[in-house]
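Content type mmCIF, C-alpha atoms, from the file structure.cif:
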```
data_model
#
loop_
_atom_site.label_atom_id
_atom_site.label_comp_id
_atom_site.auth_asym_id
_atom_site.auth_seq_id
_atom_site.Cartn_x
_atom_site.Cartn_y
_atom_site.Cartn_z
CA MET A 13 1.65 3.02 46.46
CA ARG A 14 2.95 3.54 42.93
CA PRO A 15 0.58 5.24 40.48
CA PRO A 16 -0.85 3.03 37.70
CA THR A 17 0.92 2.69 34.38
CA LEU A 18 -0.66 3.07 30.97
CA SER A 19 -2.77 0.11 29.90
CA PRO A 20 -1.46 -2.16 27.11
CA THR A 21 -4.26 -0.88 24.88
CA ALA A 22 -3.28 2.75 25.50
CA ARG A 23 0.41 2.04 24.87
CA ARG A 24 -0.25 0.20 21.63
CA ALA A 25 -2.75 2.78 20.44
CA LEU A 26 -0.28 5.63 21.07
CA THR A 27 2.50 3.70 19.33
CA ALA A 28 0.35 2.73 16.34
CA ALA A 29 -0.95 6.28 15.93
CA LEU A 30 2.41 8.04 16.13
CA GLY A 31 4.11 5.39 13.99
CA THR A 32 1.43 5.73 11.32
CA ILE A 33 1.60 9.54 11.32
CA THR A 34 5.39 9.42 11.00
CA PHE A 35 5.30 6.93 8.16
CA CYS A 36 2.65 8.87 6.22
CA LEU A 37 4.42 12.22 6.59
CA VAL A 38 7.87 10.87 5.65
CA PHE A 39 6.60 8.74 2.76
CA THR A 40 4.51 11.55 1.29
CA GLY A 41 7.11 14.20 2.09
CA LEU A 42 9.72 12.31 0.08
CA SER A 43 7.37 12.42 -2.90
CA LEU A 44 6.63 16.13 -2.62
CA ARG A 45 10.14 17.35 -1.78
CA PRO A 46 12.52 14.74 -3.15
CA ARG A 47 15.52 13.81 -1.05
CA ALA A 48 18.26 11.35 -1.96
CA VAL A 49 16.80 7.88 -1.38
CA PRO A 50 17.76 4.45 -2.74
CA TRP A 51 16.44 4.00 -6.30
CA TYR A 52 16.19 0.60 -7.95
CA ASP A 53 17.26 0.25 -11.57
CA PRO A 54 15.22 -2.73 -12.90
CA ILE A 55 17.14 -3.03 -16.16
CA GLY A 56 20.61 -2.64 -14.65
CA ARG A 57 19.56 -4.63 -11.56
CA GLN A 58 21.36 -2.26 -9.23
CA TRP A 59 20.67 0.32 -6.55
CA ALA A 60 21.76 3.95 -6.45
CA VAL A 61 21.17 6.68 -3.88
CA VAL A 62 20.19 9.71 -5.94
CA LEU A 63 17.90 12.73 -5.76
CA ARG A 64 16.40 12.30 -9.24
CA TRP A 65 16.74 9.49 -11.75
CA PRO A 66 19.04 10.66 -14.55
CA THR A 67 18.15 8.36 -17.49
CA PRO A 68 14.56 8.41 -18.81
CA ALA A 69 15.34 5.62 -21.29
CA GLN A 70 16.29 3.32 -18.41
CA PRO A 71 13.56 3.94 -15.82
CA GLY A 72 14.30 3.83 -12.11
CA MET A 73 12.02 3.17 -9.13
CA ASP A 74 12.08 5.26 -5.94
CA TRP A 75 9.08 3.47 -4.35
CA TYR A 76 11.21 0.88 -2.53
CA GLY A 77 13.57 3.56 -1.24
CA ARG A 78 10.78 5.80 0.03
CA LEU A 79 9.16 2.77 1.66
CA LEU A 80 12.45 1.82 3.32
CA VAL A 81 13.21 5.30 4.66
CA ALA A 82 9.63 5.88 5.89
CA SER A 83 9.49 2.42 7.51
CA ALA A 84 12.81 2.87 9.28
CA THR A 85 11.77 6.29 10.61
CA ALA A 86 8.36 5.01 11.73
CA VAL A 87 9.88 1.98 13.47
CA GLY A 88 12.29 4.31 15.27
CA VAL A 89 9.47 6.59 16.43
CA ALA A 90 7.30 3.62 17.44
CA GLY A 91 10.16 2.12 19.44
CA ALA A 92 10.76 5.44 21.21
CA VAL A 93 7.06 5.74 22.05
CA GLN A 94 7.08 2.22 23.48
CA LEU A 95 10.10 3.03 25.65
CA VAL A 96 8.66 6.31 26.88
CA THR A 97 5.18 4.98 27.61
CA ALA A 98 6.67 2.07 29.57
CA ARG A 99 8.02 4.62 32.05
CA VAL A 100 4.93 6.78 32.30
CA ARG A 101 3.38 6.47 35.77
CA SER A 102 -0.03 7.78 34.93
CA SER A 103 -3.26 6.51 33.47
CA ILE A 104 -5.50 8.18 30.92
CA PRO A 105 -8.81 9.16 32.55
CA ALA A 106 -11.87 7.48 31.07
CA ASP A 107 -13.38 10.84 30.10
CA SER A 108 -10.16 12.16 28.51
CA PHE A 109 -10.39 13.60 25.00
CA LEU A 110 -6.85 12.35 24.22
CA PRO A 111 -7.86 9.03 22.59
CA MET A 112 -10.42 10.74 20.36
CA ALA A 113 -7.99 13.55 19.47
CA LEU A 114 -5.32 11.00 18.61
CA ALA A 115 -7.74 9.03 16.44
CA ILE A 116 -8.87 12.17 14.59
CA ASN A 117 -5.32 13.41 14.02
CA THR A 118 -4.00 10.04 12.88
CA LEU A 119 -6.82 9.47 10.42
CA MET A 120 -6.63 13.07 9.20
CA ALA A 121 -2.90 12.69 8.53
CA PHE A 122 -3.49 9.41 6.74
CA TRP A 123 -6.32 10.67 4.53
CA LEU A 124 -4.61 13.98 3.86
CA CYS A 125 -1.55 12.11 2.53
CA ALA A 126 -3.84 9.83 0.53
CA PHE A 127 -5.57 12.87 -0.95
CA VAL A 128 -2.20 14.38 -1.89
CA TYR A 129 -1.38 11.26 -3.91
CA VAL A 130 -4.80 11.06 -5.54
CA TRP A 131 -4.68 14.73 -6.50
CA THR A 132 -1.09 14.97 -7.72
CA LEU A 133 -1.03 11.64 -9.57
CA GLY A 134 -4.54 12.16 -10.92
CA HIS A 135 -3.33 15.38 -12.55
CA ARG A 136 0.13 14.13 -13.56
CA GLU A 137 1.06 14.47 -17.22
CA LEU A 138 3.48 11.71 -18.16
CA ARG A 139 6.11 12.00 -20.83
CA PRO A 140 6.31 8.87 -23.00
CA THR A 141 9.31 6.74 -22.10
CA PRO A 142 11.98 6.93 -24.86
CA PRO A 143 12.81 3.65 -26.58
CA MET A 144 14.63 1.43 -24.11
CA ALA A 145 17.81 -0.39 -25.16
CA PHE A 146 16.30 -3.87 -25.01
CA GLU A 147 13.41 -2.81 -27.27
CA ARG A 148 15.89 -2.28 -30.10
CA THR A 149 17.78 -5.52 -29.60
CA SER A 150 15.22 -8.10 -28.39
CA PRO A 151 12.95 -9.95 -30.85
CA VAL A 152 9.37 -8.72 -30.91
CA PRO A 153 6.88 -11.46 -29.95
CA PRO A 154 4.18 -12.23 -32.52
CA ARG A 155 0.77 -10.64 -32.11
CA PRO A 156 -1.88 -12.94 -30.65
CA ALA A 157 -3.87 -14.62 -33.41
CA GLY A 158 -7.21 -12.96 -34.09
CA GLY A 159 -10.51 -14.82 -34.07
CA ALA A 160 -9.99 -16.58 -30.76
CA GLY A 161 -11.51 -13.84 -28.65
CA LEU A 162 -15.07 -13.94 -27.40
CA MET B 13 -17.93 -14.62 -32.42
CA GLU B 14 -16.14 -11.53 -33.65
CA PRO B 15 -12.38 -11.59 -34.17
CA SER B 16 -10.52 -10.07 -31.23
CA ALA B 17 -9.61 -6.42 -31.74
CA PRO B 18 -5.98 -5.69 -32.55
CA LEU B 19 -3.92 -4.21 -29.75
CA PRO B 20 -3.59 -0.43 -30.03
CA TYR B 21 0.15 -0.76 -29.49
CA ALA B 22 2.99 -2.95 -30.73
CA PRO B 23 3.80 -6.14 -28.81
CA VAL B 24 6.48 -5.48 -26.21
CA PRO B 25 9.72 -7.44 -26.60
CA HIS B 26 10.99 -9.14 -23.47
CA GLY B 27 14.58 -9.91 -22.62
CA ALA B 28 15.66 -6.96 -20.50
CA GLY B 29 16.65 -9.36 -17.74
CA ILE B 30 14.30 -7.89 -15.13
CA PHE B 31 14.32 -9.48 -11.66
CA LEU B 32 11.79 -12.39 -11.58
CA GLU B 33 10.44 -11.49 -15.03
CA SER B 34 9.96 -15.16 -15.93
CA LEU B 35 7.75 -15.52 -12.84
CA SER B 36 5.71 -12.36 -13.39
CA THR B 37 2.56 -14.22 -14.44
CA PRO B 38 2.50 -16.68 -11.49
CA LEU B 39 3.36 -13.82 -9.15
CA LEU B 40 0.49 -11.78 -10.53
CA VAL B 41 -1.94 -14.70 -10.15
CA LEU B 42 -0.83 -15.31 -6.53
CA HIS B 43 -1.04 -11.56 -5.90
CA ALA B 44 -4.65 -11.63 -7.15
CA LEU B 45 -5.51 -14.70 -5.04
CA ALA B 46 -4.06 -13.11 -1.91
CA ALA B 47 -5.98 -9.92 -2.73
CA THR B 48 -9.17 -12.00 -2.93
CA VAL B 49 -8.56 -13.32 0.60
CA LEU B 50 -7.71 -9.79 1.70
CA ILE B 51 -10.86 -8.16 0.37
CA GLY B 52 -12.99 -10.97 1.83
CA SER B 53 -11.53 -10.76 5.33
CA THR B 54 -11.48 -6.96 5.21
CA THR B 55 -15.13 -6.71 4.21
CA HIS B 56 -16.26 -9.19 6.89
CA ASP B 57 -14.22 -7.29 9.46
CA ALA B 58 -15.64 -3.93 8.36
CA ILE B 59 -19.20 -5.24 8.80
CA LEU B 60 -18.42 -6.29 12.38
CA LEU B 61 -16.73 -2.92 13.03
CA VAL B 62 -19.92 -1.14 12.01
CA GLY B 63 -21.62 -3.39 14.56
CA TYR B 64 -19.28 -1.99 17.24
CA LEU B 65 -20.47 1.50 16.37
CA ARG B 66 -24.04 0.30 16.95
CA GLY B 67 -23.16 -1.27 20.30
CA ARG B 68 -23.10 -4.87 19.08
CA PHE B 69 -20.23 -6.81 20.66
CA GLY B 70 -21.35 -10.41 20.22
CA ARG B 71 -18.66 -11.45 17.73
CA VAL B 72 -15.46 -9.97 19.08
CA ARG B 73 -13.44 -13.20 18.72
CA LEU B 74 -14.56 -13.63 15.13
CA GLU B 75 -13.70 -10.01 14.36
CA LYS B 76 -10.21 -10.51 15.75
CA LEU B 77 -9.79 -13.67 13.68
CA TYR B 78 -10.67 -11.65 10.56
CA VAL B 79 -8.02 -9.10 11.52
CA ARG B 80 -5.35 -11.82 11.75
CA ILE B 81 -6.31 -13.19 8.34
CA GLN B 82 -6.39 -9.65 7.00
CA LEU B 83 -2.87 -8.91 8.27
CA VAL B 84 -1.40 -12.06 6.71
CA ALA B 85 -3.27 -11.47 3.44
CA TYR B 86 -2.16 -7.82 3.36
CA LEU B 87 1.49 -8.65 3.92
CA VAL B 88 1.44 -11.49 1.36
CA THR B 89 -0.38 -9.36 -1.23
CA PHE B 90 2.00 -6.47 -0.61
CA ALA B 91 5.11 -8.67 -0.83
CA LEU B 92 3.99 -10.42 -4.03
CA GLY B 93 3.09 -7.09 -5.62
CA SER B 94 6.49 -5.70 -4.65
CA LEU B 95 8.24 -8.68 -6.26
CA ALA B 96 6.28 -8.32 -9.51
CA TYR B 97 6.69 -4.54 -9.55
CA PRO B 98 10.00 -4.27 -11.51
CA ALA B 99 8.60 -6.29 -14.44
CA TYR B 100 5.47 -4.10 -14.43
CA ARG B 101 7.61 -0.94 -14.31
CA ILE B 102 9.47 -1.82 -17.51
CA TYR B 103 7.25 -4.05 -19.66
CA VAL B 104 3.90 -2.50 -18.76
CA ARG B 105 4.31 1.01 -17.49
CA ALA B 106 7.36 2.23 -19.42
CA ALA B 107 6.71 0.25 -22.61
CA VAL B 108 2.92 0.66 -22.82
CA PHE B 109 1.14 2.85 -20.26
CA ASP B 110 3.47 5.86 -20.37
CA ARG B 111 3.15 5.91 -24.16
CA HIS B 112 -0.44 4.84 -24.78
CA ALA B 113 -2.49 4.88 -21.55
CA PRO B 114 -1.07 7.40 -19.06
CA TRP B 115 -4.30 7.32 -17.06
CA ALA B 116 -3.59 3.65 -16.23
CA ALA B 117 -0.03 4.49 -15.10
CA ASN B 118 -1.39 7.23 -12.86
CA LEU B 119 -4.14 4.99 -11.45
CA PHE B 120 -1.60 2.27 -10.68
CA ASP B 121 0.70 4.75 -8.95
CA ILE B 122 -2.20 6.03 -6.82
CA LYS B 123 -2.97 2.43 -5.86
CA GLU B 124 0.61 1.49 -4.98
CA ASN B 125 1.14 4.62 -2.89
CA LEU B 126 -2.17 4.22 -1.02
CA ALA B 127 -1.32 0.57 -0.34
CA ALA B 128 2.05 1.66 1.08
CA LEU B 129 0.43 4.39 3.20
CA ALA B 130 -1.98 1.82 4.67
CA LEU B 131 0.81 -0.62 5.57
CA PRO B 132 1.61 0.91 9.01
CA LEU B 133 -2.12 1.38 9.60
CA MET B 134 -2.66 -2.34 8.96
CA ILE B 135 0.21 -3.43 11.20
CA GLY B 136 -0.82 -1.03 13.99
CA TYR B 137 -4.44 -2.09 13.69
CA ALA B 138 -3.60 -5.81 13.96
CA TRP B 139 -1.24 -5.12 16.88
CA LEU B 140 -3.94 -3.13 18.68
CA SER B 141 -6.47 -5.84 17.95
CA ARG B 142 -4.48 -8.30 20.08
CA VAL B 143 -5.14 -6.36 23.30
CA ILE B 144 -8.18 -4.16 22.79
CA ASP B 145 -11.53 -5.09 24.28
CA PRO B 146 -13.95 -3.19 22.04
CA ARG B 147 -16.64 -3.14 24.73
CA ALA B 148 -14.50 -2.17 27.74
CA ASP B 149 -11.95 0.08 25.96
CA ALA B 150 -14.59 2.55 24.83
CA ALA B 151 -12.11 5.43 24.70
CA TRP B 152 -9.92 3.67 22.12
CA ARG B 153 -12.79 2.20 20.12
CA PRO B 154 -13.08 5.14 17.67
CA MET B 155 -9.42 4.77 16.73
CA TYR B 156 -9.75 1.02 16.31
CA VAL B 157 -12.88 1.29 14.17
CA GLY B 158 -11.42 4.23 12.22
CA PHE B 159 -8.27 2.29 11.41
CA GLY B 160 -10.25 -0.76 10.29
CA LEU B 161 -12.69 1.15 8.09
CA SER B 162 -9.88 3.22 6.53
CA ILE B 163 -8.01 0.02 5.68
CA ALA B 164 -11.21 -1.37 4.16
CA ALA B 165 -11.58 1.72 1.96
CA VAL B 166 -7.97 1.44 0.74
CA VAL B 167 -8.27 -2.30 0.10
CA TRP B 168 -11.46 -1.88 -1.92
CA PHE B 169 -9.94 0.97 -3.94
CA SER B 170 -6.74 -1.01 -4.54
CA VAL B 171 -8.50 -4.18 -5.66
CA VAL B 172 -10.88 -2.37 -8.02
CA SER B 173 -8.18 -0.14 -9.49
CA GLY B 174 -5.85 -3.14 -9.84
CA LEU B 175 -8.52 -4.94 -11.84
CA VAL B 176 -9.04 -1.90 -14.05
CA VAL B 177 -5.30 -1.63 -14.71
CA VAL B 178 -4.97 -5.34 -15.48
CA LEU B 179 -7.87 -5.11 -17.92
CA GLU B 180 -5.86 -2.50 -19.81
CA ARG B 181 -2.68 -4.54 -19.93
CA ALA B 182 -1.15 -7.33 -17.82
CA PRO B 183 2.58 -8.14 -18.03
#
```
For this file, write the structure as structure tokens.
Amino acid sequence: MRPPTLSPTARRALTAALGTITFCLVFTGLSLRPRAVPWYDPIGRQWAVVLRWPTPAQPGMDWYGRLLVASATAVGVAGAVQLVTARVRSSIPADSFLPMALAINTLMAFWLCAFVYVWTLGHRELRPTPPMAFERTSPVPPRPAGGAGL
Amino acid sequence: MEPSAPLPYAPVPHGAGIFLESLSTPLLVLHALAATVLIGSTTHDAILLVGYLRGRFGRVRLEKLYVRIQLVAYLVTFALGSLAYPAYRIYVRAAVFDRHAPWAANLFDIKENLAALALPLMIGYAWLSRVIDPRADAAWRPMYVGFGLSIAAVVWFSVVSGLVVVLERAP
């Protein structure tokens, strides 16, 4: 008789946990130790793979690129976990500490990454953006008329 | 009625040709509406999750329905926010917040990064919700409840901080 396989709940829980941990570590890691990721240039409407954005007067956005890289890595890990757990011929005993340990580690990784963002961005000192090209050439809209506010 | 106070900064010219900039206001309104659905379903779900911790399993089907609504609302809110983001980055953050209200720029960045961090948690949670039996799968219940309550915390923080940022300056 073949030994039992992992339950669908166990397989999905393992996949969700390891996928989440991977995403959080990659996404946060790319913020702390920048690597070349796709940056979006909203004014130029183009993409560039760079380590740091070179032109402060034409701001770039690395959020999409970090999201893309972290998502792709997490999907890869989640897919691998699904493949591996489909071949595992063993069940997790009811009294095993593994599910609790996995829950604690996943949530710790998630909240630790969240804390990193809250701490670093909460203490970030921004430099004012230099005048952007369109600010010098586009007409300035009129101020809203006073007296209409409550 | 008192006259409205003058803005503490000059009006920002438009015309940089940002992606979807002409739709930024409707996108922001839809983003807010989707966030309203999201915070409602998330809060209802969180209340039922606390019930699981107390051994109450009478509304499992309803809880799973909330999770489905929550997933759709999260993805829609996230997608709409992502579409409106370039216009915010230039006309709001670069032109106003970075120069006059850096605290708002930092608060927004905390919100956007927390919302991104919670994205795999939300997808994994909804995927797990399809198969888990909260009463029978006692071993996996702490993870399920932990995921759901963590998502609830992030959603509440994101909605409140989004409101605070919009009160400072909407695109």
Exercise for review: Write out as a ChimeraX atom specification the residues lying within 7 Å of range 73-77 of chain B, counting all atoms listed in the file and excluding same-chain residues fewer than 6 positions away.
Suggested key: /B:57,60,141
Check your understanding: Between A:Ile104, A:Val89, A:Met120, A:Ala145, which has the minimum distance to Thr27 in chain A (counting only C-alpha atoms)?
Key -> A:Val89
Review point. Nearest to chain B: which of A:Ala86, A:Met144, A:Met73, A:Ala115 is it, counting only C-alpha atoms?
Key: A:Ala115
Point to revise | Pick from A:Leu37, A:Ala28, A:Val81, A:Val100, whichever lies nearest to chain B using all atoms listed in the file | key: A:Ala28
Each residue of chain B lying at most 6 Å from chain A should get a row with its shortest atom-to-atom pair and the distance in Å to one decimal, counting all atoms listed in the file; could you produce that, ordered by chain and increasing number, as a Markdown table?
```
| residue | atom | partner | partner_atom | distance |
| --- | --- | --- | --- | --- |
| B:Met13 | CA | A:Leu162 | CA | 5.8 |
| B:Pro15 | CA | A:Gly159 | CA | 3.7 |
| B:Ser16 | CA | A:Gly161 | CA | 4.7 |
| B:Pro25 | CA | A:Val152 | CA | 4.5 |
| B:Ala28 | CA | A:Phe146 | CA | 5.5 |
| B:Ile30 | CA | A:Pro54 | CA | 5.7 |
| B:Pro98 | CA | A:Pro54 | CA | 5.6 |
| B:Ala106 | CA | A:Thr141 | CA | 5.6 |
| B:Asp110 | CA | A:Pro140 | CA | 4.9 |
| B:Arg111 | CA | A:Pro140 | CA | 4.5 |
| B:Asn118 | CA | A:Leu133 | CA | 5.5 |
| B:Ile122 | CA | A:Val130 | CA | 5.8 |
| B:Leu129 | CA | A:Cys36 | CA | 5.8 |
| B:Pro132 | CA | A:Thr32 | CA | 5.3 |
| B:Leu133 | CA | A:Thr32 | CA | 5.9 |
| B:Gly136 | CA | A:Ala28 | CA | 4.6 |
| B:Leu140 | CA | A:Arg24 | CA | 5.8 |
| B:Val143 | CA | A:Thr21 | CA | 5.8 |
| B:Ile144 | CA | A:Thr21 | CA | 5.5 |
| B:Ala151 | CA | A:Pro111 | CA | 6.0 |
| B:Trp152 | CA | A:Pro111 | CA | 5.8 |
| B:Met155 | CA | A:Ala115 | CA | 4.6 |
```
Review point. Restricting the calculation to all atoms listed in the file, which member of B:Met134, B:Leu175, B:Ala128, B:Ala96 is positioned closest to Ser34 in chain B?
Key: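 Checking each candidate against Ser34 in chain B, we get B:Ala96 as the closest.
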Review point. So what do you get for CA of Ile81 in chain B versus CA of Trp139 in chain B, distance-wise?
Key: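 One can read the CA of Ile81 in chain B to CA of Trp139 in chain B distance as 12.8 Å.
Using all atoms listed in the file, the smallest distance between any of B:Leu95, B:Asp145, B:Gly29, B:Val79 and Ala58 in chain B comes from B:Val79.
You will find CA of Leu18 in chain A at 26.9 Å from CA of Gly70 in chain B.
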With the input short on atoms, add N, CA and C atoms back to range 124-138 of chain B and write it as a JSON list (two decimals), in the frame of the given file.
```
[["chain", "number", "residue", "atom", "x", "y", "z"],
["B", 124, "GLU", "N", -0.59, 1.99, -5.68],
["B", 124, "GLU", "CA", 0.61, 1.49, -4.98],
["B", 124, "GLU", "C", 0.98, 2.40, -3.82],
["B", 125, "ASN", "N", 0.79, 3.71, -3.98],
["B", 125, "ASN", "CA", 1.14, 4.62, -2.89],
["B", 125, "ASN", "C", 0.12, 4.54, -1.75],
["B", 126, "LEU", "N", -1.16, 4.38, -2.07],
["B", 126, "LEU", "CA", -2.17, 4.22, -1.02],
["B", 126, "LEU", "C", -1.94, 2.91, -0.26],
["B", 127, "ALA", "N", -1.59, 1.85, -1.00],
["B", 127, "ALA", "CA", -1.32, 0.57, -0.34],
["B", 127, "ALA", "C", -0.12, 0.68, 0.61],
["B", 128, "ALA", "N", 0.89, 1.45, 0.20],
["B", 128, "ALA", "CA", 2.05, 1.66, 1.08],
["B", 128, "ALA", "C", 1.66, 2.50, 2.29],
["B", 129, "LEU", "N", 0.85, 3.55, 2.08],
["B", 129, "LEU", "CA", 0.43, 4.39, 3.20],
["B", 129, "LEU", "C", -0.35, 3.58, 4.23],
["B", 130, "ALA", "N", -1.14, 2.61, 3.76],
["B", 130, "ALA", "CA", -1.98, 1.82, 4.67],
["B", 130, "ALA", "C", -1.21, 0.70, 5.36],
["B", 131, "LEU", "N", 0.03, 0.47, 4.96],
["B", 131, "LEU", "CA", 0.81, -0.62, 5.57],
["B", 131, "LEU", "C", 1.00, -0.42, 7.09],
["B", 132, "PRO", "N", 1.47, 0.76, 7.55],
["B", 132, "PRO", "CA", 1.61, 0.91, 9.01],
["B", 132, "PRO", "C", 0.26, 0.90, 9.72],
["B", 133, "LEU", "N", -0.77, 1.40, 9.02],
["B", 133, "LEU", "CA", -2.12, 1.38, 9.60],
["B", 133, "LEU", "C", -2.55, -0.07, 9.84],
["B", 134, "MET", "N", -2.28, -0.93, 8.86],
["B", 134, "MET", "CA", -2.66, -2.34, 8.96],
["B", 134, "MET", "C", -1.90, -3.03, 10.09],
["B", 135, "ILE", "N", -0.59, -2.79, 10.16],
["B", 135, "ILE", "CA", 0.21, -3.43, 11.20],
["B", 135, "ILE", "C", -0.21, -2.92, 12.59],
["B", 136, "GLY", "N", -0.39, -1.60, 12.71],
["B", 136, "GLY", "CA", -0.82, -1.03, 13.99],
["B", 136, "GLY", "C", -2.20, -1.52, 14.40],
["B", 137, "TYR", "N", -3.07, -1.62, 13.43],
["B", 137, "TYR", "CA", -4.44, -2.09, 13.69],
["B", 137, "TYR", "C", -4.43, -3.53, 14.20],
["B", 138, "ALA", "N", -3.66, -4.41, 13.54],
["B", 138, "ALA", "CA", -3.60, -5.81, 13.96],
["B", 138, "ALA", "C", -2.93, -5.94, 15.33]]
```
